[in-house]
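> This is the content of data.cif (mmCIF, C-alpha atoms):
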```
data_query
loop_
_atom_site.label_atom_id
_atom_site.label_comp_id
_atom_site.auth_asym_id
_atom_site.auth_seq_id
_atom_site.Cartn_x
_atom_site.Cartn_y
_atom_site.Cartn_z
CA MET A 1 100.43 126.92 114.74
CA GLY A 2 103.71 128.65 115.52
CA SER A 3 104.35 126.41 118.52
CA ILE A 4 104.10 123.11 116.65
CA ARG A 5 107.86 122.55 116.75
CA ASP A 6 107.71 122.74 120.55
CA ASP A 7 105.46 119.66 120.55
CA PHE A 8 108.38 117.58 119.28
CA PRO A 9 110.97 116.92 122.00
CA LEU A 10 113.87 116.25 119.63
CA LEU A 11 113.23 119.43 117.64
CA ALA A 12 112.59 121.53 120.72
CA ALA A 13 115.95 120.42 122.07
CA ARG A 14 117.66 121.13 118.73
CA PRO A 15 116.66 124.64 117.61
CA ASP A 16 119.65 124.54 115.25
CA LEU A 17 118.30 121.52 113.32
CA ALA A 18 116.41 121.92 110.05
CA PHE A 19 114.93 118.43 109.77
CA LEU A 20 114.03 117.99 106.10
CA ASP A 21 113.79 114.21 105.88
CA SER A 22 110.22 113.48 106.90
CA ALA A 23 109.57 111.56 103.66
CA ALA A 24 111.90 108.93 105.10
CA SER A 25 110.53 109.06 108.64
CA SER A 26 108.87 111.80 110.65
CA GLN A 27 109.63 113.09 114.10
CA LYS A 28 107.28 112.12 116.94
CA PRO A 29 105.27 114.61 119.02
CA ARG A 30 105.21 114.42 122.77
CA ALA A 31 101.55 113.30 122.66
CA VAL A 32 102.53 110.11 120.81
CA LEU A 33 105.49 109.35 123.05
CA GLU A 34 103.46 109.94 126.20
CA ALA A 35 100.52 107.83 124.99
CA MET A 36 102.81 104.87 124.40
CA GLU A 37 104.64 105.33 127.70
CA SER A 38 101.42 105.68 129.68
CA PHE A 39 99.91 102.58 128.07
CA GLN A 40 103.00 100.51 128.89
CA GLU A 41 103.05 101.74 132.47
CA THR A 42 99.33 101.42 133.29
CA GLN A 43 97.44 99.29 130.74
CA TYR A 44 99.77 96.85 129.02
CA ALA A 45 98.76 93.24 128.51
CA ASN A 46 98.36 90.96 125.52
CA VAL A 47 95.15 91.52 123.59
CA HIS A 48 92.13 89.49 122.50
CA ARG A 49 93.04 86.32 124.41
CA GLY A 50 92.77 87.30 128.05
CA ALA A 51 89.64 86.91 130.17
CA TYR A 52 91.11 89.14 132.87
CA ARG A 53 90.28 92.83 133.04
CA LEU A 54 93.72 94.21 132.18
CA SER A 55 93.75 92.26 128.92
CA GLN A 56 90.29 93.53 128.10
CA VAL A 57 91.39 97.13 128.73
CA ALA A 58 94.43 96.64 126.48
CA THR A 59 92.21 95.10 123.80
CA MET A 60 89.92 98.12 123.93
CA ALA A 61 92.92 100.43 123.44
CA TYR A 62 94.22 98.34 120.53
CA GLU A 63 90.86 98.14 118.77
CA GLY A 64 90.21 101.78 119.56
CA ALA A 65 93.35 102.66 117.66
CA ARG A 66 92.13 100.61 114.70
CA LYS A 67 88.87 102.59 114.68
CA LYS A 68 90.77 105.89 114.77
CA VAL A 69 92.97 104.95 111.82
CA ALA A 70 90.03 103.56 109.84
CA ASP A 71 88.02 106.74 110.40
CA PHE A 72 91.06 108.82 109.42
CA ILE A 73 90.97 107.38 105.88
CA GLY A 74 87.18 107.26 105.56
CA ALA A 75 86.80 103.50 105.84
CA ARG A 76 83.18 102.41 106.28
CA ASP A 77 84.07 99.55 108.63
CA ALA A 78 87.06 99.35 111.01
CA ASN A 79 87.26 95.60 110.31
CA GLU A 80 88.40 96.45 106.78
CA LEU A 81 91.59 97.93 108.25
CA CYS A 82 94.36 95.48 109.16
CA PHE A 83 97.43 96.42 111.14
CA VAL A 84 100.62 95.38 109.34
CA ARG A 85 104.32 96.10 109.83
CA GLY A 86 104.27 99.03 107.43
CA THR A 87 103.53 100.08 103.85
CA THR A 88 105.92 97.51 102.40
CA THR A 89 104.28 94.65 104.28
CA GLY A 90 100.82 95.86 103.30
CA LEU A 91 101.73 95.92 99.61
CA ASN A 92 103.30 92.46 99.86
CA VAL A 93 100.12 91.13 101.50
CA LEU A 94 98.02 92.62 98.70
CA ALA A 95 100.25 91.39 95.87
CA HIS A 96 100.14 87.88 97.36
CA GLY A 97 96.45 87.86 98.26
CA LEU A 98 95.22 89.28 94.95
CA ALA A 99 97.45 87.04 92.81
CA PRO A 100 94.55 84.83 91.66
CA ARG A 101 92.89 87.99 90.33
CA TYR A 102 95.76 88.85 88.00
CA ALA A 103 97.05 85.36 87.10
CA ASP A 104 97.69 85.27 83.33
CA LYS A 105 96.55 88.89 83.13
CA THR A 106 98.23 92.32 83.39
CA VAL A 107 99.24 94.49 86.33
CA LEU A 108 99.78 98.17 85.58
CA LEU A 109 102.29 100.11 87.68
CA THR A 110 103.89 103.50 86.99
CA GLU A 111 107.52 104.34 86.39
CA ILE A 112 107.62 106.55 89.48
CA GLU A 113 106.92 103.83 92.05
CA HIS A 114 108.93 103.06 95.19
CA HIS A 115 110.52 99.60 95.19
CA ALA A 116 107.84 98.50 97.67
CA ASN A 117 105.25 98.93 94.91
CA PHE A 118 107.46 97.37 92.24
CA ILE A 119 108.99 94.22 93.61
CA PRO A 120 105.99 92.47 95.23
CA TRP A 121 103.98 92.68 92.01
CA GLN A 122 106.96 91.62 89.90
CA GLN A 123 107.63 88.59 92.08
CA TRP A 124 104.05 87.37 92.25
CA ALA A 125 103.50 88.09 88.55
CA LYS A 126 106.32 85.65 87.77
CA ARG A 127 104.65 83.00 89.92
CA VAL A 128 101.20 83.31 88.38
CA GLY A 129 102.17 84.08 84.79
CA ALA A 130 101.07 87.72 84.81
CA THR A 131 102.52 90.60 82.82
CA VAL A 132 103.65 93.82 84.52
CA ARG A 133 103.57 97.00 82.46
CA TYR A 134 104.65 100.50 83.45
CA VAL A 135 102.85 103.77 82.76
CA PRO A 136 105.41 106.48 81.89
CA PHE A 137 105.53 110.03 83.17
CA THR A 138 105.46 113.22 81.13
CA GLN A 139 108.25 115.74 80.64
CA GLY A 140 106.59 117.70 83.44
CA HIS A 141 107.11 114.70 85.76
CA ARG A 142 103.44 113.78 86.01
CA MET A 143 101.67 110.52 85.26
CA ASP A 144 101.05 110.24 81.52
CA MET A 145 97.29 109.77 81.47
CA ALA A 146 97.15 109.47 77.67
CA ALA A 147 99.56 106.54 77.87
CA PHE A 148 97.53 105.08 80.75
CA ASP A 149 94.37 105.23 78.66
CA GLU A 150 96.12 103.37 75.84
CA MET A 151 97.48 100.69 78.18
CA LEU A 152 94.23 100.13 80.08
CA ASP A 153 92.19 97.33 78.55
CA ASP A 154 90.14 94.30 79.57
CA ASP A 155 93.31 92.29 80.24
CA VAL A 156 94.34 94.60 83.09
CA ALA A 157 93.33 93.14 86.45
CA VAL A 158 95.14 95.46 88.88
CA VAL A 159 96.42 99.03 88.72
CA SER A 160 98.79 99.83 91.59
CA LEU A 161 100.18 103.31 91.95
CA THR A 162 101.64 105.74 94.44
CA GLY A 163 99.41 108.37 96.00
CA MET A 164 102.41 110.71 95.98
CA SER A 165 105.90 110.11 94.62
CA ASN A 166 108.60 110.04 97.28
CA VAL A 167 111.07 111.40 94.71
CA LEU A 168 109.18 113.78 92.44
CA GLY A 169 106.45 114.95 94.78
CA THR A 170 103.98 114.16 91.98
CA ILE A 171 100.40 113.45 93.11
CA PRO A 172 98.68 111.30 90.47
CA PRO A 173 94.92 111.69 89.85
CA VAL A 174 94.04 108.64 91.94
CA ALA A 175 90.25 109.02 91.75
CA GLU A 176 90.37 109.35 87.95
CA VAL A 177 92.65 106.32 87.69
CA ALA A 178 90.34 104.29 89.93
CA ALA A 179 87.25 105.19 87.92
CA LYS A 180 88.92 104.25 84.66
CA ALA A 181 90.27 101.01 86.12
CA LYS A 182 86.81 100.09 87.38
CA SER A 183 85.38 100.61 83.89
CA VAL A 184 87.41 97.62 82.64
CA GLY A 185 86.90 95.56 85.78
CA ALA A 186 90.35 96.25 87.26
CA LEU A 187 91.18 96.87 90.91
CA THR A 188 93.04 99.97 92.10
CA VAL A 189 95.67 99.63 94.83
CA VAL A 190 97.42 102.68 96.29
CA ASP A 191 100.82 103.02 97.95
CA GLY A 192 99.74 105.60 100.49
CA ALA A 193 103.08 106.00 102.30
CA GLN A 194 103.47 109.65 101.28
CA MET A 195 99.81 110.34 100.61
CA VAL A 196 98.03 109.59 103.89
CA PRO A 197 100.38 111.67 106.10
CA HIS A 198 100.08 114.79 103.98
CA MET A 199 96.53 115.24 102.68
CA PRO A 200 92.92 114.34 103.43
CA VAL A 201 92.17 110.80 102.26
CA ASP A 202 88.73 109.25 101.86
CA VAL A 203 89.01 105.77 100.40
CA GLU A 204 85.32 105.60 99.58
CA ALA A 205 85.30 108.94 97.77
CA LEU A 206 88.46 108.00 95.86
CA GLY A 207 86.84 104.77 94.67
CA ILE A 208 89.98 102.71 95.29
CA ASP A 209 89.99 99.08 96.36
CA ALA A 210 92.99 98.94 98.69
CA ILE A 211 95.68 101.14 100.25
CA ALA A 212 98.71 100.61 102.47
CA PHE A 213 100.54 103.17 104.60
CA GLY A 214 102.87 103.36 107.59
CA ALA A 215 102.64 105.12 110.94
CA HIS A 216 106.22 106.34 111.11
CA LYS A 217 105.80 108.79 108.23
CA MET A 218 102.79 110.37 109.93
CA LEU A 219 104.20 111.16 113.38
CA GLY A 220 103.70 107.63 114.72
CA PRO A 221 106.09 104.84 115.72
CA THR A 222 107.98 102.48 113.46
CA GLY A 223 106.99 98.84 113.13
CA ILE A 224 103.31 99.38 112.40
CA GLY A 225 101.21 100.43 109.46
CA ALA A 226 97.80 99.75 108.01
CA MET A 227 96.36 97.92 105.04
CA TRP A 228 92.80 98.73 104.08
CA ALA A 229 90.87 96.79 101.47
CA ARG A 230 87.23 96.32 100.64
CA ALA A 231 85.61 93.60 102.72
CA GLU A 232 84.91 91.36 99.73
CA LEU A 233 88.59 91.41 98.78
CA LEU A 234 89.72 90.61 102.31
CA ASP A 235 87.30 87.68 102.33
CA GLU A 236 88.75 86.17 99.17
CA MET A 237 92.45 86.89 99.85
CA GLU A 238 94.65 84.18 101.31
CA PRO A 239 96.68 85.29 104.35
CA PHE A 240 100.29 86.22 103.77
CA GLU A 241 101.38 84.99 107.21
CA THR A 242 99.90 82.23 109.34
CA GLY A 243 100.13 81.15 112.96
CA GLY A 244 98.45 82.11 116.18
CA GLU A 245 95.50 84.49 116.53
CA MET A 246 94.39 84.33 112.86
CA ILE A 247 92.62 80.95 112.95
CA VAL A 248 89.15 79.62 113.69
CA ASP A 249 90.36 76.05 114.10
CA VAL A 250 93.51 73.99 113.72
CA THR A 251 93.63 70.20 113.36
CA PHE A 252 96.30 67.72 112.33
CA GLU A 253 94.84 67.93 108.84
CA GLY A 254 94.81 71.71 108.40
CA ALA A 255 93.33 74.99 109.57
CA THR A 256 90.57 77.48 108.87
CA TRP A 257 91.04 81.23 108.97
CA SER A 258 89.36 83.92 111.01
CA ALA A 259 87.65 86.80 109.26
CA ALA A 260 89.55 90.04 108.68
CA PRO A 261 91.23 91.80 110.31
CA ALA A 262 92.44 88.88 112.48
CA LYS A 263 93.04 86.85 109.31
CA PHE A 264 95.93 89.16 108.43
CA GLU A 265 97.34 89.74 111.94
CA ALA A 266 99.08 86.49 112.85
CA GLY A 267 100.95 86.40 116.14
CA THR A 268 101.15 88.93 118.92
CA PRO A 269 100.43 92.31 117.35
CA PRO A 270 102.32 95.59 117.85
CA ILE A 271 100.05 96.66 120.69
CA VAL A 272 102.03 99.61 122.06
CA GLU A 273 102.73 100.84 118.53
CA ALA A 274 99.02 100.72 117.70
CA VAL A 275 98.33 103.01 120.64
CA GLY A 276 101.01 105.38 119.31
CA PHE A 277 99.49 105.17 115.83
CA GLY A 278 96.12 106.21 117.23
CA ALA A 279 97.70 109.09 119.11
CA ALA A 280 99.42 110.28 115.92
CA VAL A 281 96.06 110.30 114.15
CA ASP A 282 94.60 112.33 117.02
CA TYR A 283 97.42 114.87 116.70
CA LEU A 284 97.03 115.22 112.93
CA GLN A 285 93.27 115.58 113.21
CA GLY A 286 93.84 118.29 115.79
CA LEU A 287 95.81 120.21 113.18
CA GLY A 288 93.38 119.36 110.39
CA MET A 289 94.50 117.57 107.26
CA GLU A 290 93.40 120.45 105.02
CA TRP A 291 95.78 122.65 107.02
CA VAL A 292 98.55 120.05 106.73
CA ALA A 293 98.17 119.89 102.94
CA GLU A 294 98.09 123.68 102.58
CA HIS A 295 101.11 124.07 104.87
CA ASP A 296 103.03 121.61 102.68
CA ARG A 297 102.03 123.48 99.51
CA GLU A 298 103.00 126.90 100.81
CA LEU A 299 106.34 125.76 102.20
CA THR A 300 107.23 123.77 99.09
CA ALA A 301 106.33 126.65 96.80
CA HIS A 302 108.53 128.98 98.86
CA ALA A 303 111.42 126.50 98.80
CA LEU A 304 111.14 125.95 95.04
CA ASP A 305 111.21 129.69 94.40
CA ARG A 306 114.29 130.21 96.54
CA LEU A 307 116.20 127.21 95.20
CA LEU A 308 115.56 128.11 91.57
CA ASP A 309 116.28 131.83 92.13
CA GLU A 310 119.31 131.61 94.40
CA VAL A 311 121.15 128.34 93.70
CA PRO A 312 122.99 128.23 90.36
CA GLY A 313 123.32 124.86 88.64
CA ILE A 314 120.43 123.24 90.49
CA THR A 315 118.07 120.85 88.69
CA ILE A 316 114.76 119.99 90.32
CA GLN A 317 113.68 116.42 89.61
CA GLY A 318 109.95 116.95 89.77
CA PRO A 319 107.21 119.41 88.82
CA LEU A 320 108.22 123.06 89.05
CA ASP A 321 104.70 124.25 89.84
CA MET A 322 102.43 123.31 92.72
CA ALA A 323 99.54 121.81 90.77
CA ASP A 324 99.06 118.31 92.24
CA ARG A 325 102.42 118.41 93.97
CA GLY A 326 103.44 117.48 97.49
CA GLY A 327 106.16 118.53 99.93
CA VAL A 328 109.14 116.68 98.45
CA ILE A 329 111.91 118.36 96.47
CA SER A 330 114.57 116.15 94.88
CA PHE A 331 117.45 117.92 93.22
CA THR A 332 120.90 117.60 91.73
CA LEU A 333 123.64 120.22 91.64
CA ASP A 334 126.07 120.41 88.75
CA GLY A 335 129.34 118.63 89.49
CA ILE A 336 128.50 117.64 93.08
CA HIS A 337 127.38 114.16 94.14
CA ALA A 338 124.18 113.96 96.16
CA HIS A 339 125.97 112.30 99.09
CA ASP A 340 128.50 115.13 99.21
CA LEU A 341 125.64 117.61 99.25
CA ALA A 342 123.99 115.80 102.16
CA THR A 343 127.25 115.79 104.11
CA ILE A 344 127.84 119.50 103.59
CA LEU A 345 124.23 120.33 104.45
CA ASP A 346 124.56 118.34 107.66
CA GLU A 347 127.43 120.64 108.64
CA HIS A 348 124.93 123.50 108.28
CA GLY A 349 122.38 121.79 110.51
CA VAL A 350 120.22 120.53 107.64
CA ALA A 351 119.09 116.90 107.46
CA VAL A 352 118.22 115.74 103.93
CA ARG A 353 118.19 112.34 102.27
CA ALA A 354 120.61 111.41 99.47
CA GLY A 355 120.53 108.37 97.20
CA HIS A 356 118.13 106.59 94.87
CA HIS A 357 115.30 106.75 97.44
CA CYS A 358 114.29 103.13 96.75
CA ALA A 359 113.26 104.16 93.23
CA LYS A 360 116.06 102.91 90.98
CA PRO A 361 113.84 102.40 87.90
CA LEU A 362 112.74 106.03 88.18
CA MET A 363 116.35 107.16 88.59
CA SER A 364 117.24 105.36 85.35
CA CYS A 365 114.41 107.20 83.59
CA LEU A 366 115.66 110.51 84.98
CA GLY A 367 119.21 109.70 83.91
CA VAL A 368 120.71 110.22 87.36
CA ALA A 369 122.24 107.82 89.87
CA ALA A 370 121.08 109.72 92.94
CA THR A 371 119.48 112.94 94.11
CA ALA A 372 119.42 114.93 97.31
CA ARG A 373 115.92 115.26 98.73
CA ALA A 374 114.40 117.81 101.07
CA SER A 375 110.97 116.93 102.43
CA PHE A 376 108.67 118.96 104.63
CA TYR A 377 106.11 118.33 107.33
CA VAL A 378 104.01 120.07 109.95
CA TYR A 379 106.93 121.18 112.13
CA ASN A 380 108.88 122.86 109.32
CA THR A 381 108.77 126.59 108.63
CA GLU A 382 110.27 129.00 106.11
CA ALA A 383 113.17 129.43 108.54
CA ASP A 384 114.30 125.90 107.64
CA ILE A 385 114.82 126.98 104.03
CA ASP A 386 117.50 129.53 104.96
CA PRO A 387 120.18 127.01 106.04
CA LEU A 388 119.23 124.75 103.10
CA VAL A 389 120.01 127.51 100.59
CA LYS A 390 123.09 128.64 102.54
CA GLY A 391 124.42 125.09 102.69
CA LEU A 392 123.99 124.55 98.95
CA LEU A 393 125.79 127.80 98.18
CA SER A 394 128.56 126.67 100.49
CA ALA A 395 128.83 123.40 98.56
CA ILE A 396 129.15 125.32 95.31
CA ASP A 397 131.96 127.43 96.79
CA LEU A 398 133.71 124.35 98.14
CA PHE A 399 133.60 122.44 94.84
CA GLY A 400 134.26 125.47 92.71
#
```
Could you spell out this file's structure in structure tokens?


Amino acid sequence: MGSIRDDFPLLAARPDLAFLDSAASSQKPRAVLEAMESFQETQYANVHRGAYRLSQVATMAYEGARKKVADFIGARDANELCFVRGTTTGLNVLAHGLAPRYADKTVLLTEIEHHANFIPWQQWAKRVGATVRYVPFTQGHRMDMAAFDEMLDDDVAVVSLTGMSNVLGTIPPVAEVAAKAKSVGALTVVDGAQMVPHMPVDVEALGIDAIAFGAHKMLGPTGIGAMWARAELLDEMEPFETGGEMIVDVTFEGATWSAAPAKFEAGTPPIVEAVGFGAAVDYLQGLGMEWVAEHDRELTAHALDRLLDEVPGITIQGPLDMADRGGVISFTLDGIHAHDLATILDEHGVAVRAGHHCAKPLMSCLGVAATARASFYVYNTEADIDPLVKGLLSAIDLFG
């Protein structure tokens, strides 16, 4: 595993770079880049429509990628997995398509959600007369399950929650939430943007009803993601986008829709990106997702210990132990703005994110305007923690 960094051309060329911003977007291994390049050079054509051989070969590659991604999350049928632009698009498609389910009812979210799992539900709730309520988090920065139990009743139609917080690193008990939601007839939707890249996911074992996630946070290209939902939900949902490819028939009076996944893939799809997505899945499966999750845990635990022991004035915005916690550490430093921290760290060869991380409601609950965030992935090692600590100590010296 020590040679993993060498698989990433950008990192191999920059031995001085501690890239700690994978929660925003991950680096791409050579296997993904080469798969996309080779496909464009030797197999590219539009898919599904062509009777000629090259189109058929391209279609096989595109649908093969769908099968890889579906298998990666334990989907029982690859046709339940729809390619979308990314996590945000997937959640918008679900909020729109499931709106009849929660019209005049309640949608439960949590206070730790990314904007992508806030705004779509808020907007469609306004249109269909639904109520959105928010499950709080505990002082230990975990989902308040006692509050969830109190808020969950027969009026709740959908529970939508993150599989892992992009700010706190918190991993909610998704399977427990799904079981409880099912007991009152509610659906469970998961924002899997940070979850799917970092831990084994089996949608059937979790008992959830839908999940969305993006390729670019799991070593794949930008511009493509996946939305999985149970077949019966896909059948009843109205498409979010219409046009070519997703129809059975079109007349001057109207149109009828194809079955999923075509129903949710209007227009020419991201063919090359799908090939890259499949290659990213291959790479991660080669490492093993149990290994990926354990690597994250070990590295995060080491980083937490060093930051808390060596950096005075630091406040970690998230759980301080590794029980149900992922590889994201958000922090503030007394008297120093997060953006200043990120700038100083960059001078030490450390790339971190600074800001509200598309989670402004959570920031208001935490009582901060912004945090700096270090996030880890398969190519990071303990050596990346050294310049992080050194850079923070330098910031303290600079600001006195």

> Which residues match the PyMOL selection byres ((chain A and resi 212-221) around 6) in the file above, as a PyMOL selection string?

chain A and resi 25-28+86-87+90+191-193+197+211+222+224-227+273+276-277+280

> Could the residues in this selection be written to a file with C-alpha atoms, as a short mmCIF file (atom, residue, chain, number, x, y, z; two decimals), keeping the file's coordinate frame?


```cif
data_model
loop_
_atom_site.label_atom_id
_atom_site.label_comp_id
_atom_site.auth_asym_id
_atom_site.auth_seq_id
_atom_site.Cartn_x
_atom_site.Cartn_y
_atom_site.Cartn_z
CA SER A 25 110.53 109.06 108.64
CA SER A 26 108.87 111.80 110.65
CA GLN A 27 109.63 113.09 114.10
CA LYS A 28 107.28 112.12 116.94
CA GLY A 86 104.27 99.03 107.43
CA THR A 87 103.53 100.08 103.85
CA GLY A 90 100.82 95.86 103.30
CA ASP A 191 100.82 103.02 97.95
CA GLY A 192 99.74 105.60 100.49
CA ALA A 193 103.08 106.00 102.30
CA PRO A 197 100.38 111.67 106.10
CA ILE A 211 95.68 101.14 100.25
CA THR A 222 107.98 102.48 113.46
CA ILE A 224 103.31 99.38 112.40
CA GLY A 225 101.21 100.43 109.46
CA ALA A 226 97.80 99.75 108.01
CA MET A 227 96.36 97.92 105.04
CA GLU A 273 102.73 100.84 118.53
CA GLY A 276 101.01 105.38 119.31
CA PHE A 277 99.49 105.17 115.83
CA ALA A 280 99.42 110.28 115.92
#
```

> On this structure, the PyMOL selection byres ((chain A and resi 349-353) around 7) would catch which residues? List them as a list of chain:residue names, sorted by chain and number.

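Applied to this file, the PyMOL selection byres ((chain A and resi 349-353) around 7) returns A:Asp16, A:Leu17, A:Ala18, A:Phe19, A:Leu20, A:Asp21, A:Ala342, A:Leu345, A:Asp346, A:Glu347, A:His348, A:Ala354, A:Gly355, A:Ala372, A:Arg373, A:Ala374, A:Pro387, A:Leu388.
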
> Quick one, how far is atom CA of A:Asp7 from atom CA of A:Ala31?

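Separating atom CA of A:Asp7 from atom CA of A:Ala31 is a distance of 7.8 Å.
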
> Using all atoms listed in the file, pick whichever of A:Met151, A:Leu299, A:Ala58, A:Leu233 has the shortest atom-to-atom distance to A:Thr381.

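Once distances to A:Thr381 are computed over all atoms listed in the file, the minimum belongs to A:Leu299.
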
> Select, from A:Val201, A:Ala301, A:Ala255, A:Ala279, the residue with the minimum atom-to-atom distance to A:Pro29, counting all atoms listed in the file.

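So, comparing all the options, the nearest one is A:Ala279.
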
> List the residues selected by the PyMOL selection byres ((chain A and resi 305-320) around 6) in the file shown, writing them as a list of chain:residue names.

A:Gly140, A:His141, A:Leu168, A:His302, A:Ala303, A:Leu304, A:Asp321, A:Ser330, A:Phe331, A:Thr332, A:Leu333, A:Asp334

> Using only C-alpha atoms, which protein or nucleic acid residues come within 9 Å of stretch 105-117 of chain A? Drop anything in the same chain fewer than 4 positions from it, and give the result as a count of residues only.

47

> Work out where the centre of an axis-aligned box around every listed atom of stretch 209-228 of chain A lies and how long its edges are once 8 Å is added on each side; give both in Å to one decimal as AutoDock Vina command-line options.


```
--center_x 99.0 --center_y 104.5 --center_z 106.0 --size_x 34.0 --size_y 29.2 --size_z 35.4
```

> What does the distance between atom CA of A:Met322 and atom CA of A:Ile171 come to in Å, to one decimal place?

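Atom-to-atom, atom CA of A:Met322 and atom CA of A:Ile171 are spaced 10.1 Å apart.
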
> Taking 4 positions as the minimum chain separation for residues in the same chain, which residues sit within 9 Å of A:Phe39 when counting only C-alpha atoms? Answer as a short mmCIF file (atom, residue, chain, number, x, y, z; two decimals) with C-alpha atoms, in the frame of the given file.


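Result saved to around-v5.cif:
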```cif
data_model
loop_
_atom_site.label_atom_id
_atom_site.label_comp_id
_atom_site.auth_asym_id
_atom_site.auth_seq_id
_atom_site.Cartn_x
_atom_site.Cartn_y
_atom_site.Cartn_z
CA GLU A 34 103.46 109.94 126.20
CA ALA A 35 100.52 107.83 124.99
CA GLN A 43 97.44 99.29 130.74
CA TYR A 44 99.77 96.85 129.02
CA ALA A 58 94.43 96.64 126.48
CA ALA A 61 92.92 100.43 123.44
CA VAL A 272 102.03 99.61 122.06
CA VAL A 275 98.33 103.01 120.64
#
```

> With distances taken over only C-alpha atoms, which of A:Pro200, A:Gly50, A:Pro261, A:Gly288 is nearest to A:Asn79?

A:Pro261
